[in-house]
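Pasted below: target27.cif, mmCIF, C-alpha atoms and all ligand atoms.
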```cif
data_work
loop_
_atom_site.label_atom_id
_atom_site.label_comp_id
_atom_site.auth_asym_id
_atom_site.auth_seq_id
_atom_site.Cartn_x
_atom_site.Cartn_y
_atom_site.Cartn_z
CA MET A 1 105.27 111.31 81.85
CA ILE A 2 106.58 109.24 78.94
CA ILE A 3 108.64 106.35 80.32
CA LYS A 4 111.60 105.17 78.26
CA PRO A 5 114.00 102.39 79.26
CA SER A 6 116.89 103.50 81.47
CA ILE A 7 119.76 101.08 82.20
CA ARG A 8 122.96 101.59 84.19
CA SER A 9 125.62 98.86 84.66
CA ASN A 10 123.19 96.17 83.48
CA VAL A 11 120.57 97.29 86.01
CA PHE A 12 117.29 98.92 84.97
CA THR A 13 116.73 102.13 86.90
CA ASN A 14 113.05 102.27 85.95
CA ALA A 15 110.07 100.15 84.88
CA HIS A 16 106.90 100.67 82.86
CA PRO A 17 103.66 100.11 84.82
CA GLU A 18 101.52 99.31 81.77
CA GLY A 19 104.26 97.16 80.24
CA SER A 20 104.58 95.21 83.49
CA LYS A 21 100.85 94.56 83.33
CA ALA A 22 101.30 93.10 79.84
CA TYR A 23 104.25 91.04 81.07
CA VAL A 24 102.30 89.50 83.98
CA ALA A 25 99.35 88.90 81.63
CA SER A 26 101.68 87.05 79.25
CA LEU A 27 102.84 84.72 82.06
CA ILE A 28 99.22 84.01 83.00
CA GLU A 29 98.35 83.42 79.34
CA GLU A 30 101.16 80.83 79.13
CA THR A 31 99.68 78.79 82.00
CA LYS A 32 96.50 78.28 79.95
CA GLN A 33 98.29 75.96 77.52
CA PHE A 34 99.09 73.46 80.31
CA ASP A 35 97.04 70.85 82.16
CA PRO A 36 96.14 71.88 85.72
CA ILE A 37 98.54 70.96 88.50
CA LYS A 38 97.27 68.89 91.42
CA GLY A 39 99.33 70.85 93.87
CA PRO A 40 99.38 72.77 97.13
CA LYS A 41 96.43 74.72 98.50
CA ASN A 42 98.34 77.43 100.36
CA VAL A 43 101.74 78.69 99.25
CA LEU A 44 104.17 81.16 100.80
CA ILE A 45 106.64 82.61 98.31
CA ILE A 46 109.60 84.56 99.62
CA GLY A 47 110.80 86.61 96.65
CA GLY A 48 107.70 86.24 94.47
CA SER A 49 107.63 89.64 92.75
CA SER A 50 109.93 88.80 89.87
CA GLY A 51 112.01 86.12 88.16
CA TYR A 52 111.65 82.55 89.35
CA GLY A 53 109.50 83.53 92.34
CA LEU A 54 106.91 85.32 90.18
CA ALA A 55 106.84 82.45 87.67
CA SER A 56 106.28 80.04 90.59
CA ARG A 57 103.49 82.21 91.96
CA VAL A 58 101.69 82.47 88.60
CA ALA A 59 102.12 78.74 87.87
CA LEU A 60 100.61 77.74 91.23
CA ALA A 61 97.91 80.44 91.50
CA PHE A 62 96.62 79.91 87.97
CA GLY A 63 97.68 76.29 87.38
CA ALA A 64 96.87 74.79 90.79
CA LYS A 65 94.32 77.35 92.07
CA ALA A 66 96.50 77.86 95.13
CA ASN A 67 96.19 80.72 97.60
CA THR A 68 99.46 82.68 97.64
CA VAL A 69 101.27 84.89 100.12
CA ASN A 70 104.24 86.77 98.71
CA VAL A 71 107.07 88.56 100.51
CA SER A 72 109.15 90.88 98.36
CA PHE A 73 111.24 94.01 98.67
CA GLU A 74 110.22 96.52 96.04
CA ARG A 75 110.11 100.28 95.63
CA PRO A 76 106.83 102.13 94.95
CA PRO A 77 106.77 105.08 92.54
CA LYS A 78 107.74 108.43 94.03
CA ASN A 79 107.87 111.84 92.33
CA LYS A 80 109.54 111.16 88.98
CA LYS A 81 110.74 107.66 89.93
CA THR A 82 108.66 104.92 88.37
CA GLY A 83 109.01 102.28 91.12
CA THR A 84 110.53 98.87 90.46
CA ALA A 85 109.19 96.28 88.06
CA GLY A 86 108.47 93.94 90.99
CA TRP A 87 106.26 96.59 92.58
CA TRP A 88 104.10 96.69 89.44
CA ASN A 89 104.20 92.91 89.02
CA ASN A 90 102.68 92.54 92.50
CA ILE A 91 99.90 95.01 91.75
CA HIS A 92 99.02 93.51 88.38
CA PHE A 93 99.25 89.95 89.66
CA GLN A 94 96.68 90.89 92.31
CA SER A 95 94.31 92.46 89.81
CA PHE A 96 94.42 89.39 87.53
CA ALA A 97 94.21 86.91 90.43
CA ASN A 98 91.10 88.71 91.71
CA THR A 99 89.01 86.71 89.27
CA LEU A 100 90.16 83.35 90.68
CA GLY A 101 88.14 83.36 93.91
CA THR A 102 91.27 82.48 95.88
CA THR A 103 93.26 84.53 98.40
CA HIS A 104 96.43 86.42 97.44
CA LYS A 105 98.36 88.63 99.82
CA ASP A 106 101.50 90.72 99.40
CA PHE A 107 103.93 91.83 102.07
CA VAL A 108 106.42 94.37 100.75
CA MET A 109 108.88 94.00 103.60
CA ASP A 110 112.43 92.89 104.29
CA ALA A 111 112.31 89.08 104.31
CA PHE A 112 115.41 88.92 106.50
CA SER A 113 113.76 90.61 109.50
CA LEU A 114 112.08 88.80 112.37
CA LYS A 115 109.21 91.32 112.28
CA THR A 116 108.38 90.21 108.72
CA LYS A 117 108.45 86.54 109.73
CA GLN A 118 106.10 87.30 112.64
CA GLN A 119 103.61 89.36 110.58
CA VAL A 120 103.52 86.91 107.70
CA THR A 121 103.10 83.92 110.01
CA ASP A 122 100.27 85.67 111.91
CA TYR A 123 98.54 86.38 108.60
CA ILE A 124 98.92 82.76 107.47
CA LYS A 125 97.57 81.37 110.73
CA THR A 126 94.62 83.76 110.80
CA HIS A 127 93.59 83.66 107.15
CA LEU A 128 94.81 80.34 105.78
CA GLY A 129 95.42 78.15 108.83
CA GLY A 130 98.79 76.97 107.53
CA VAL A 131 100.85 76.56 104.37
CA ASP A 132 101.53 73.47 102.25
CA LEU A 133 104.51 74.87 100.40
CA VAL A 134 107.20 77.46 101.19
CA ILE A 135 109.19 78.66 98.17
CA TYR A 136 112.38 80.53 98.96
CA SER A 137 113.33 82.45 95.80
CA LEU A 138 115.24 85.38 97.18
CA ALA A 139 118.08 87.06 95.31
CA ALA A 140 119.49 89.84 97.46
CA GLY A 141 122.66 91.89 97.35
CA ALA A 142 122.73 92.63 101.07
CA ARG A 143 121.39 91.44 104.43
CA PRO A 144 121.56 93.14 107.82
CA GLY A 145 124.31 91.59 109.97
CA GLU A 146 123.92 90.67 113.65
CA ASP A 147 125.19 94.18 114.58
CA GLY A 148 122.62 95.83 112.30
CA ASN A 149 125.19 96.87 109.65
CA LEU A 150 124.52 95.71 106.09
CA VAL A 151 126.56 92.71 104.91
CA LYS A 152 127.02 92.73 101.12
CA SER A 153 127.39 89.72 98.83
CA LYS A 154 130.08 89.82 96.13
CA ILE A 155 130.06 87.77 92.94
CA LEU A 156 133.71 86.78 92.53
CA PRO A 157 135.85 83.80 91.52
CA ILE A 158 137.82 81.96 94.20
CA GLY A 159 141.55 81.20 94.06
CA GLU A 160 142.45 82.75 90.71
CA LYS A 161 141.40 85.84 88.85
CA GLU A 162 138.95 85.27 86.05
CA GLU A 163 138.92 86.85 82.62
CA GLY A 164 135.89 86.63 80.40
CA LYS A 165 133.37 88.48 78.29
CA THR A 166 129.97 89.90 79.03
CA ILE A 167 127.38 92.06 77.30
CA ASP A 168 126.96 95.67 78.29
CA VAL A 169 123.21 95.90 77.79
CA ALA A 170 122.89 99.69 77.66
CA LYS A 171 125.76 100.14 75.18
CA ARG A 172 124.93 96.96 73.25
CA GLU A 173 128.52 95.87 73.13
CA VAL A 174 130.57 92.87 74.20
CA LYS A 175 133.20 93.78 76.75
CA THR A 176 136.03 91.94 78.40
CA LEU A 177 136.18 91.83 82.15
CA THR A 178 138.68 90.72 84.72
CA LEU A 179 137.59 89.76 88.21
CA GLU A 180 140.09 89.51 91.05
CA PRO A 181 139.69 86.48 93.32
CA ALA A 182 137.58 86.80 96.45
CA GLU A 183 139.04 87.36 99.90
CA GLU A 184 137.93 85.01 102.70
CA LYS A 185 135.60 87.76 104.00
CA ASP A 186 133.87 88.06 100.57
CA ILE A 187 133.08 84.35 100.67
CA GLU A 188 131.78 84.53 104.24
CA ASP A 189 129.59 87.57 103.44
CA THR A 190 128.15 86.07 100.25
CA VAL A 191 127.25 82.85 102.06
CA TYR A 192 125.60 84.93 104.78
CA VAL A 193 123.51 86.90 102.26
CA MET A 194 122.77 84.31 99.54
CA GLY A 195 123.16 81.01 101.44
CA GLY A 196 120.41 79.09 103.17
CA GLY A 197 120.53 80.71 106.64
CA ASP A 198 117.48 82.91 106.20
CA TRP A 199 115.54 80.13 104.43
CA GLN A 200 116.16 77.89 107.43
CA ASP A 201 115.11 80.71 109.81
CA TRP A 202 111.80 81.04 107.91
CA VAL A 203 111.04 77.33 107.90
CA GLU A 204 111.97 76.86 111.57
CA TYR A 205 109.89 79.88 112.52
CA LEU A 206 106.83 78.60 110.64
CA ASN A 207 107.34 75.13 112.10
CA ASN A 208 107.66 76.41 115.68
CA GLU A 209 104.52 78.48 115.22
CA ALA A 210 102.61 75.45 113.87
CA ALA A 211 101.97 77.29 110.58
CA LEU A 212 103.01 74.34 108.39
CA ASN A 213 100.27 71.96 107.27
CA PRO A 214 100.74 68.17 107.36
CA GLN A 215 103.10 67.06 104.54
CA ALA A 216 104.26 70.64 103.99
CA LYS A 217 107.17 71.04 101.60
CA THR A 218 109.75 73.74 101.14
CA ILE A 219 111.87 74.39 98.05
CA SER A 220 114.66 76.71 96.96
CA TYR A 221 116.47 77.21 93.68
CA THR A 222 120.12 76.47 93.12
CA TYR A 223 122.33 76.73 90.05
CA ILE A 224 125.03 74.20 89.20
CA GLY A 225 126.00 75.02 85.61
CA SER A 226 128.91 73.60 83.65
CA GLU A 227 132.60 74.28 83.11
CA ILE A 228 131.67 77.43 81.16
CA THR A 229 130.06 79.12 84.13
CA TYR A 230 132.10 77.30 86.82
CA PRO A 231 134.76 79.99 87.57
CA ILE A 232 132.23 82.75 88.13
CA TYR A 233 129.39 80.70 89.54
CA ARG A 234 129.75 77.26 91.09
CA GLY A 235 133.46 77.62 91.77
CA GLY A 236 133.06 81.18 93.05
CA THR A 237 131.48 82.96 95.99
CA LEU A 238 127.94 82.31 94.75
CA GLY A 239 128.70 78.59 94.49
CA LYS A 240 129.72 78.58 98.15
CA ALA A 241 126.40 80.24 99.02
CA LYS A 242 124.54 77.62 97.00
CA GLU A 243 126.45 74.80 98.75
CA ASP A 244 125.27 76.28 102.05
CA LEU A 245 121.68 76.44 100.72
CA GLU A 246 121.85 72.78 99.72
CA THR A 247 123.36 71.65 103.05
CA ARG A 248 120.63 73.45 104.96
CA ALA A 249 117.97 71.82 102.75
CA GLY A 250 119.23 68.49 104.09
CA LEU A 251 118.91 69.69 107.70
CA MET A 252 115.41 71.05 107.06
CA ASP A 253 114.41 67.83 105.33
CA ASP A 254 115.16 65.87 108.53
CA MET A 255 113.26 68.40 110.61
CA LEU A 256 110.19 68.48 108.34
CA ARG A 257 110.01 64.71 108.01
CA GLU A 258 109.82 64.46 111.77
CA SER A 259 107.50 67.38 112.48
CA VAL A 260 104.92 67.30 109.65
CA ASN A 261 105.91 64.34 107.50
CA GLY A 262 107.07 66.91 104.94
CA GLU A 263 110.21 67.49 102.90
CA ALA A 264 112.74 70.12 101.89
CA LEU A 265 113.75 70.24 98.23
CA ILE A 266 116.36 71.85 96.04
CA SER A 267 115.70 72.39 92.37
CA SER A 268 118.74 72.89 90.20
CA SER A 269 117.21 75.39 87.82
CA LYS A 270 118.25 76.48 84.35
CA ALA A 271 119.88 79.81 83.57
CA VAL A 272 117.22 82.39 82.65
CA VAL A 273 117.09 86.16 82.21
CA THR A 274 116.17 87.90 85.46
CA LYS A 275 117.32 91.11 87.04
CA ALA A 276 119.54 89.04 89.34
CA SER A 277 121.09 86.82 86.66
CA VAL A 278 121.98 89.70 84.33
CA PHE A 279 123.98 91.19 87.19
CA ILE A 280 126.28 88.15 87.22
CA PRO A 281 129.38 88.77 85.07
CA GLN A 282 129.44 86.64 81.88
CA MET A 283 125.85 85.44 82.33
CA PRO A 284 124.37 87.77 79.65
CA LEU A 285 126.71 86.34 77.03
CA TYR A 286 126.37 82.74 78.22
CA VAL A 287 122.57 82.97 78.32
CA SER A 288 122.44 84.53 74.82
CA CYS A 289 124.52 81.72 73.31
CA LEU A 290 122.66 79.10 75.34
CA PHE A 291 119.27 80.37 74.12
CA GLU A 292 120.53 80.28 70.53
CA VAL A 293 121.57 76.62 70.89
CA MET A 294 118.62 75.42 73.00
CA LYS A 295 116.13 76.99 70.58
CA ALA A 296 117.87 75.35 67.61
CA HIS A 297 117.48 71.99 69.37
CA ASN A 298 113.87 72.68 70.47
CA VAL A 299 114.66 72.31 74.15
CA HIS A 300 114.33 75.95 75.16
CA GLU A 301 111.89 76.65 78.02
CA THR A 302 110.51 79.99 79.10
CA ILE A 303 110.77 80.83 82.79
CA LEU A 304 107.08 79.96 83.21
CA GLU A 305 107.38 76.64 81.37
CA HIS A 306 110.37 75.74 83.51
CA LYS A 307 108.59 76.36 86.81
CA TYR A 308 105.35 74.75 85.61
CA ARG A 309 107.24 71.57 84.77
CA LEU A 310 108.99 71.70 88.15
CA PHE A 311 105.73 71.69 90.12
CA LYS A 312 103.71 69.46 87.83
CA ASP A 313 106.28 66.75 87.17
CA MET A 314 108.76 66.89 89.98
CA VAL A 315 107.42 68.49 93.16
CA TYR A 316 103.85 67.16 92.91
CA GLY A 317 104.20 64.67 90.05
CA SER A 318 105.80 61.29 89.67
CA LEU A 319 108.53 62.28 87.20
CA ARG A 320 111.25 63.36 89.61
CA GLN A 321 114.79 63.32 88.26
CA THR A 322 117.18 63.51 91.19
CA ASP A 323 120.94 63.32 91.49
CA PRO A 324 122.81 61.43 94.25
CA SER A 325 122.49 64.52 96.49
CA GLY A 326 118.70 64.44 96.09
CA ARG A 327 118.52 67.66 94.05
CA LEU A 328 115.75 67.89 91.46
CA ARG A 329 117.60 68.18 88.15
CA MET A 330 115.52 70.61 86.14
CA ASP A 331 118.71 71.67 84.35
CA SER A 332 119.22 68.47 82.34
CA PHE A 333 118.36 70.14 78.99
CA GLU A 334 120.79 72.99 79.61
CA LEU A 335 123.59 70.72 80.77
CA ASN A 336 123.29 68.19 77.94
CA GLU A 337 126.81 67.60 76.60
CA ASN A 338 126.07 68.70 73.04
CA ILE A 339 124.20 71.81 74.16
CA GLN A 340 127.15 72.83 76.30
CA LYS A 341 129.68 72.06 73.56
CA GLU A 342 127.82 74.16 71.00
CA THR A 343 127.31 76.99 73.47
CA MET A 344 131.01 77.02 74.32
CA ASN A 345 131.82 76.97 70.62
CA LEU A 346 129.70 80.06 69.92
CA MET A 347 131.15 81.90 72.91
CA THR A 348 134.74 81.24 71.94
CA THR A 349 134.77 81.36 68.13
CA LEU A 350 132.37 84.15 67.12
CA SER A 351 133.51 87.74 66.78
CA ASP A 352 131.93 90.25 69.15
CA ALA A 353 129.88 91.66 66.26
CA LYS A 354 128.54 88.21 65.36
CA LEU A 355 127.72 87.42 68.99
CA LEU A 356 125.56 90.53 69.13
CA GLN A 357 123.68 89.45 66.00
CA LEU A 358 122.65 86.03 67.28
CA ASN A 359 118.92 85.40 67.65
CA GLY A 360 119.74 84.20 71.15
CA THR A 361 121.20 87.63 71.96
CA HIS A 362 118.06 89.31 70.61
CA ASP A 363 115.98 86.98 72.81
CA PHE A 364 118.13 87.89 75.78
CA TYR A 365 117.57 91.63 75.15
CA LYS A 366 113.87 91.16 74.52
CA THR A 367 113.41 89.26 77.78
CA PHE A 368 115.52 91.67 79.81
CA TYR A 369 113.44 94.59 78.56
CA ALA A 370 110.17 92.67 79.01
CA ILE A 371 110.79 91.84 82.68
CA HIS A 372 110.97 95.60 83.26
CA GLY A 373 107.84 96.26 81.25
CA PHE A 374 109.45 97.42 78.00
CA GLY A 375 109.08 96.22 74.41
CA LEU A 376 105.84 94.30 74.97
CA PRO A 377 103.29 94.07 72.17
CA ASN A 378 100.08 96.11 72.39
CA VAL A 379 101.46 98.62 74.89
CA ASP A 380 101.43 102.27 73.88
CA TYR A 381 104.85 103.45 75.01
CA ASP A 382 104.12 107.02 73.84
CA GLN A 383 101.26 107.18 76.30
CA ASP A 384 101.57 109.83 79.00
CA ILE A 385 101.67 107.90 82.30
CA ASP A 386 100.18 109.79 85.25
CA LEU A 387 102.56 108.45 87.92
CA ASP A 388 100.69 110.25 90.73
CA ALA A 389 97.54 108.32 89.83
CA TYR A 390 99.50 105.06 89.59
CA ALA A 391 101.17 105.81 92.94
CA LYS A 392 97.76 105.42 94.61
CA MET A 393 97.74 101.74 93.60
CA LYS A 394 99.01 99.49 96.38
CA PRO A 395 99.61 95.73 96.50
CA GLU A 396 96.97 94.10 98.72
P1 LIG A 401 115.02 88.14 90.92
O1 LIG A 401 115.95 89.28 91.15
O2 LIG A 401 114.19 88.15 89.70
O3 LIG A 401 114.01 88.02 92.19
C1 LIG A 401 114.45 88.18 93.49
C2 LIG A 401 113.29 88.33 94.44
O4 LIG A 401 113.83 88.52 95.76
C3 LIG A 401 112.39 89.55 94.17
O5 LIG A 401 111.05 89.17 94.40
C4 LIG A 401 112.82 90.56 95.23
O6 LIG A 401 111.81 91.48 95.62
C5 LIG A 401 113.13 89.62 96.37
N1 LIG A 401 114.00 90.20 97.40
C6 LIG A 401 115.28 90.62 97.30
N2 LIG A 401 115.71 91.08 98.50
C7 LIG A 401 114.67 90.95 99.38
C8 LIG A 401 114.48 91.23 100.75
N3 LIG A 401 115.45 91.73 101.50
N4 LIG A 401 113.27 90.97 101.29
C9 LIG A 401 112.24 90.47 100.55
N5 LIG A 401 112.37 90.16 99.25
C10 LIG A 401 113.57 90.40 98.66
O7 LIG A 401 115.91 86.82 91.06
P2 LIG A 401 115.85 85.35 90.42
O8 LIG A 401 116.87 85.26 89.36
O9 LIG A 401 114.47 84.93 90.17
O10 LIG A 401 116.45 84.49 91.63
C11 LIG A 401 115.66 83.78 92.56
C12 LIG A 401 116.45 82.57 93.05
O11 LIG A 401 116.64 81.66 91.95
C13 LIG A 401 117.86 82.92 93.57
O12 LIG A 401 118.15 82.14 94.69
C14 LIG A 401 118.75 82.52 92.40
O13 LIG A 401 120.06 82.20 92.80
C15 LIG A 401 118.00 81.29 91.89
N6 LIG A 401 118.37 80.89 90.52
C16 LIG A 401 118.27 81.80 89.50
C17 LIG A 401 118.68 81.45 88.22
C18 LIG A 401 118.61 82.43 87.09
O14 LIG A 401 119.12 82.11 86.01
N7 LIG A 401 117.98 83.57 87.28
C19 LIG A 401 119.18 80.08 87.93
C20 LIG A 401 119.14 79.19 89.07
C21 LIG A 401 118.77 79.59 90.32
#
```
Can the structure in the file be given as structure tokens, please?
Ligand code: NAI
Amino acid sequence: MIIKPSIRSNVFTNAHPEGSKAYVASLIEETKQFDPIKGPKNVLIIGGSSGYGLASRVALAFGAKANTVNVSFERPPKNKKTGTAGWWNNIHFQSFANTLGTTHKDFVMDAFSLKTKQQVTDYIKTHLGGVDLVIYSLAAGARPGEDGNLVKSKILPIGEKEEGKTIDVAKREVKTLTLEPAEEKDIEDTVYVMGGGDWQDWVEYLNNEAALNPQAKTISYTYIGSEITYPIYRGGTLGKAKEDLETRAGLMDDMLRESVNGEALISSSKAVVTKASVFIPQMPLYVSCLFEVMKAHNVHETILEHKYRLFKDMVYGSLRQTDPSGRLRMDSFELNENIQKETMNLMTTLSDAKLLQLNGTHDFYKTFYAIHGFGLPNVDYDQDIDLDAYAKMKPE
């Protein structure tokens, strides 16, 4: 089968197994340009098959020679369906990490369930003894409620309706969108799905089971943004979920200090292209203009560079930049006043046609395709892929 990109409503409906291999290889290749990290020995990543979680896993496995355990929710290939990019990322990560002489384990299971927490904790205790770092990098659209029914998160503004522009990736056009304000229930549901409740459940579970090593740390990724993204992000339903995440980090910090002399951290990360971020209205256009400006000022970081710097300088290094709430401010380049002013200027003054021609927009497209295994150099996209043969590959 020849696999060509297929996108619907800014979501890829397929992925390319060989392209995903090239993508994971490119992340690993990037780590080689950096000095090693003196970091954790054993790491649990919840949401490590793509985006920030995958970049964290690669940075620590290849940069710090850490053992990694990853929990992700991905679909394998079936009949004519290619499986998700994250499925292939897990498989290829394993094959590359094989050469390291360290241990890497994947659980493709629902992170929200107690059964997953039990199985993963048992594995950690049996095979690694305990973990030094727990990374919570989940981006989920739904989570089972207490009654078993799925609760869905909604990305909406709060208070007033919001009008703005985004990029329709499949049609390659700029379109205007209007989002009605969230109801109280939308806010509640989004906090339940994307807030810090499940992160806290994981850390408490691991702590109660004595699966956290002395000085163990935990970290999750928030987004603060600026006035450009405020209505749809920080001031909207997602912002409420992130406030909850940050509050719970404070509670976990107290608990970890007492139990293992550890800490709970929040990194305010920069906007990057991931399958989750492209789903957020306006983000494709904001990120395209932002990339244009950050590249012009030589302050652009790839997703891997961003996470490498986080662990090397801030989590395990002595170059922490924190704000009064204790959050690690990895977003200082993005939020620089001039960068934001120029980004806003591009977004509001350029015609739709000009916006689509920006180098930043091309970078956005290139990255969005690459994270699904498309458009990578040295991959033969006319190659007939035997999906049945690939379907026999399983993450270990
Ligand atoms: P992503 O969509 O690339 O990755 C999400 C991960 O969560 C995947 O590994 C997926 O398999 C896993 N996942 C989803 N539902 C699951 C479930 N039920 N059980 C197990 N695993 C599940 O997302 P991205 O963008 O890397 O987001 C990760 C975190 O970083 C999120 O909390 C997001 O808010 C945060 N963040 C992202 C930014 C961005 O620009 N992408 C900026 C700042 C923060």
Check which residues of chain A sit at most 8 Å from ligand LIG 401 (chain A) using only C-alpha atoms and all ligand atoms, and return one row each with the closest pair of atoms and their distance in Å to one decimal, ordered by chain and rising number, as CSV.
```
residue,atom,partner,partner_atom,distance
A:Ile46,CA,A:LIG401,N5,6.3
A:Gly47,CA,A:LIG401,O5,3.4
A:Gly48,CA,A:LIG401,O5,4.5
A:Ser49,CA,A:LIG401,O5,3.8
A:Ser50,CA,A:LIG401,O2,4.3
A:Gly51,CA,A:LIG401,O2,3.4
A:Tyr52,CA,A:LIG401,O9,3.8
A:Gly53,CA,A:LIG401,O9,5.6
A:Leu54,CA,A:LIG401,O5,7.1
A:Val71,CA,A:LIG401,C9,5.5
A:Ser72,CA,A:LIG401,N5,3.4
A:Phe73,CA,A:LIG401,O6,4.0
A:Glu74,CA,A:LIG401,O6,5.3
A:Gly86,CA,A:LIG401,O6,6.2
A:Val108,CA,A:LIG401,C9,7.0
A:Met109,CA,A:LIG401,C9,5.7
A:Asp110,CA,A:LIG401,N4,3.7
A:Ala111,CA,A:LIG401,N4,3.7
A:Phe112,CA,A:LIG401,N3,5.7
A:Tyr136,CA,A:LIG401,O12,7.4
A:Ser137,CA,A:LIG401,C12,4.2
A:Leu138,CA,A:LIG401,O4,3.7
A:Ala139,CA,A:LIG401,C1,4.2
A:Ala140,CA,A:LIG401,N2,4.1
A:Gly141,CA,A:LIG401,N2,7.1
A:Ala142,CA,A:LIG401,N3,7.3
A:Arg143,CA,A:LIG401,N3,6.6
A:Met194,CA,A:LIG401,O12,7.0
A:Ser220,CA,A:LIG401,O12,6.8
A:Tyr221,CA,A:LIG401,C15,4.7
A:Thr222,CA,A:LIG401,C21,4.4
A:Tyr223,CA,A:LIG401,C20,4.1
A:Ile224,CA,A:LIG401,C20,7.7
A:Lys242,CA,A:LIG401,O13,7.7
A:Ser268,CA,A:LIG401,C20,6.4
A:Ser269,CA,A:LIG401,C20,4.4
A:Lys270,CA,A:LIG401,C19,5.2
A:Ala271,CA,A:LIG401,O14,3.4
A:Val272,CA,A:LIG401,O14,3.9
A:Val273,CA,A:LIG401,N7,5.8
A:Thr274,CA,A:LIG401,O2,4.7
A:Lys275,CA,A:LIG401,O1,4.7
A:Ala276,CA,A:LIG401,O1,4.0
A:Ser277,CA,A:LIG401,N7,4.5
A:Val278,CA,A:LIG401,N7,7.9
```
Assuming 4 Å of padding per side, give the centre and edge lengths of the axis-aligned box around every listed atom of range 349-367 of chain A, in Å to one decimal and as AutoDock Vina command-line options.
```
--center_x 124.1 --center_y 86.5 --center_z 71.6 --size_x 29.4 --size_y 18.3 --size_z 20.4
```
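At a cut-off of 8 Å from (138.6, 82.7, 94.1), the residue set is Leu156, Pro157, Ile158, Gly159, Glu160, Lys161, Glu180, Pro181, Ala182, Glu183, Gly235, Gly236 and Thr237 of chain A (counting only C-alpha atoms).
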I want to know what sits within 9 Å of Leu177 in chain A, based on only C-alpha atoms, with residues of the same chain fewer than 6 positions away left out; could you give that as an NGL selection string?
:A and (162-166 or 281-282)
Near Ile135 in chain A, within 12 Å and counting only C-alpha atoms, which residues show up once chain neighbours fewer than 4 positions away are dropped, as a VMD selection string?
chain A and resid 40 42 to 48 52 to 57 60 68 to 71 131 199 to 200 202 to 203 216 to 221 264 to 267 307 311 315
Test item: write range 80-90 of chain A with N, CA, C and O atoms as a CSV table (one decimal), in the first residue's frame:
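Below is the file result.csv, written as the result:
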```csv
chain,number,residue,atom,x,y,z
A,80,LYS,N,-6.7,-1.7,6.5
A,80,LYS,CA,-6.1,-0.6,5.6
A,80,LYS,C,-5.7,0.6,6.5
A,80,LYS,O,-5.2,1.6,5.9
A,81,LYS,N,-5.9,0.5,7.8
A,81,LYS,CA,-5.6,1.7,8.6
A,81,LYS,C,-4.1,1.6,9.1
A,81,LYS,O,-3.7,0.6,9.5
A,82,THR,N,-3.4,2.7,9.0
A,82,THR,CA,-2.0,2.7,9.2
A,82,THR,C,-1.5,2.6,10.6
A,82,THR,O,-0.4,2.4,10.9
A,83,GLY,N,-2.5,2.9,11.6
A,83,GLY,CA,-2.0,3.1,13.0
A,83,GLY,C,-1.6,4.5,13.1
A,83,GLY,O,-1.4,5.2,12.2
A,84,THR,N,-1.5,5.0,14.4
A,84,THR,CA,-1.2,6.4,14.7
A,84,THR,C,0.3,6.6,14.7
A,84,THR,O,1.1,5.6,14.8
A,85,ALA,N,0.7,7.8,14.5
A,85,ALA,CA,2.1,8.2,14.5
A,85,ALA,C,2.8,7.7,15.8
A,85,ALA,O,3.9,7.2,15.8
A,86,GLY,N,2.1,8.0,16.9
A,86,GLY,CA,2.7,7.6,18.2
A,86,GLY,C,2.9,6.1,18.3
A,86,GLY,O,3.9,5.7,19.0
A,87,TRP,N,2.1,5.3,17.7
A,87,TRP,CA,2.3,3.8,17.7
A,87,TRP,C,3.7,3.5,17.1
A,87,TRP,O,4.5,2.8,17.6
A,88,TRP,N,3.9,4.2,15.9
A,88,TRP,CA,5.2,3.9,15.2
A,88,TRP,C,6.4,4.6,15.9
A,88,TRP,O,7.5,4.0,15.9
A,89,ASN,N,6.1,5.7,16.5
A,89,ASN,CA,7.2,6.4,17.3
A,89,ASN,C,7.7,5.5,18.4
A,89,ASN,O,8.9,5.3,18.6
A,90,ASN,N,6.8,4.8,19.1
A,90,ASN,CA,7.1,3.9,20.2
A,90,ASN,C,8.0,2.8,19.6
A,90,ASN,O,9.1,2.4,20.2
```
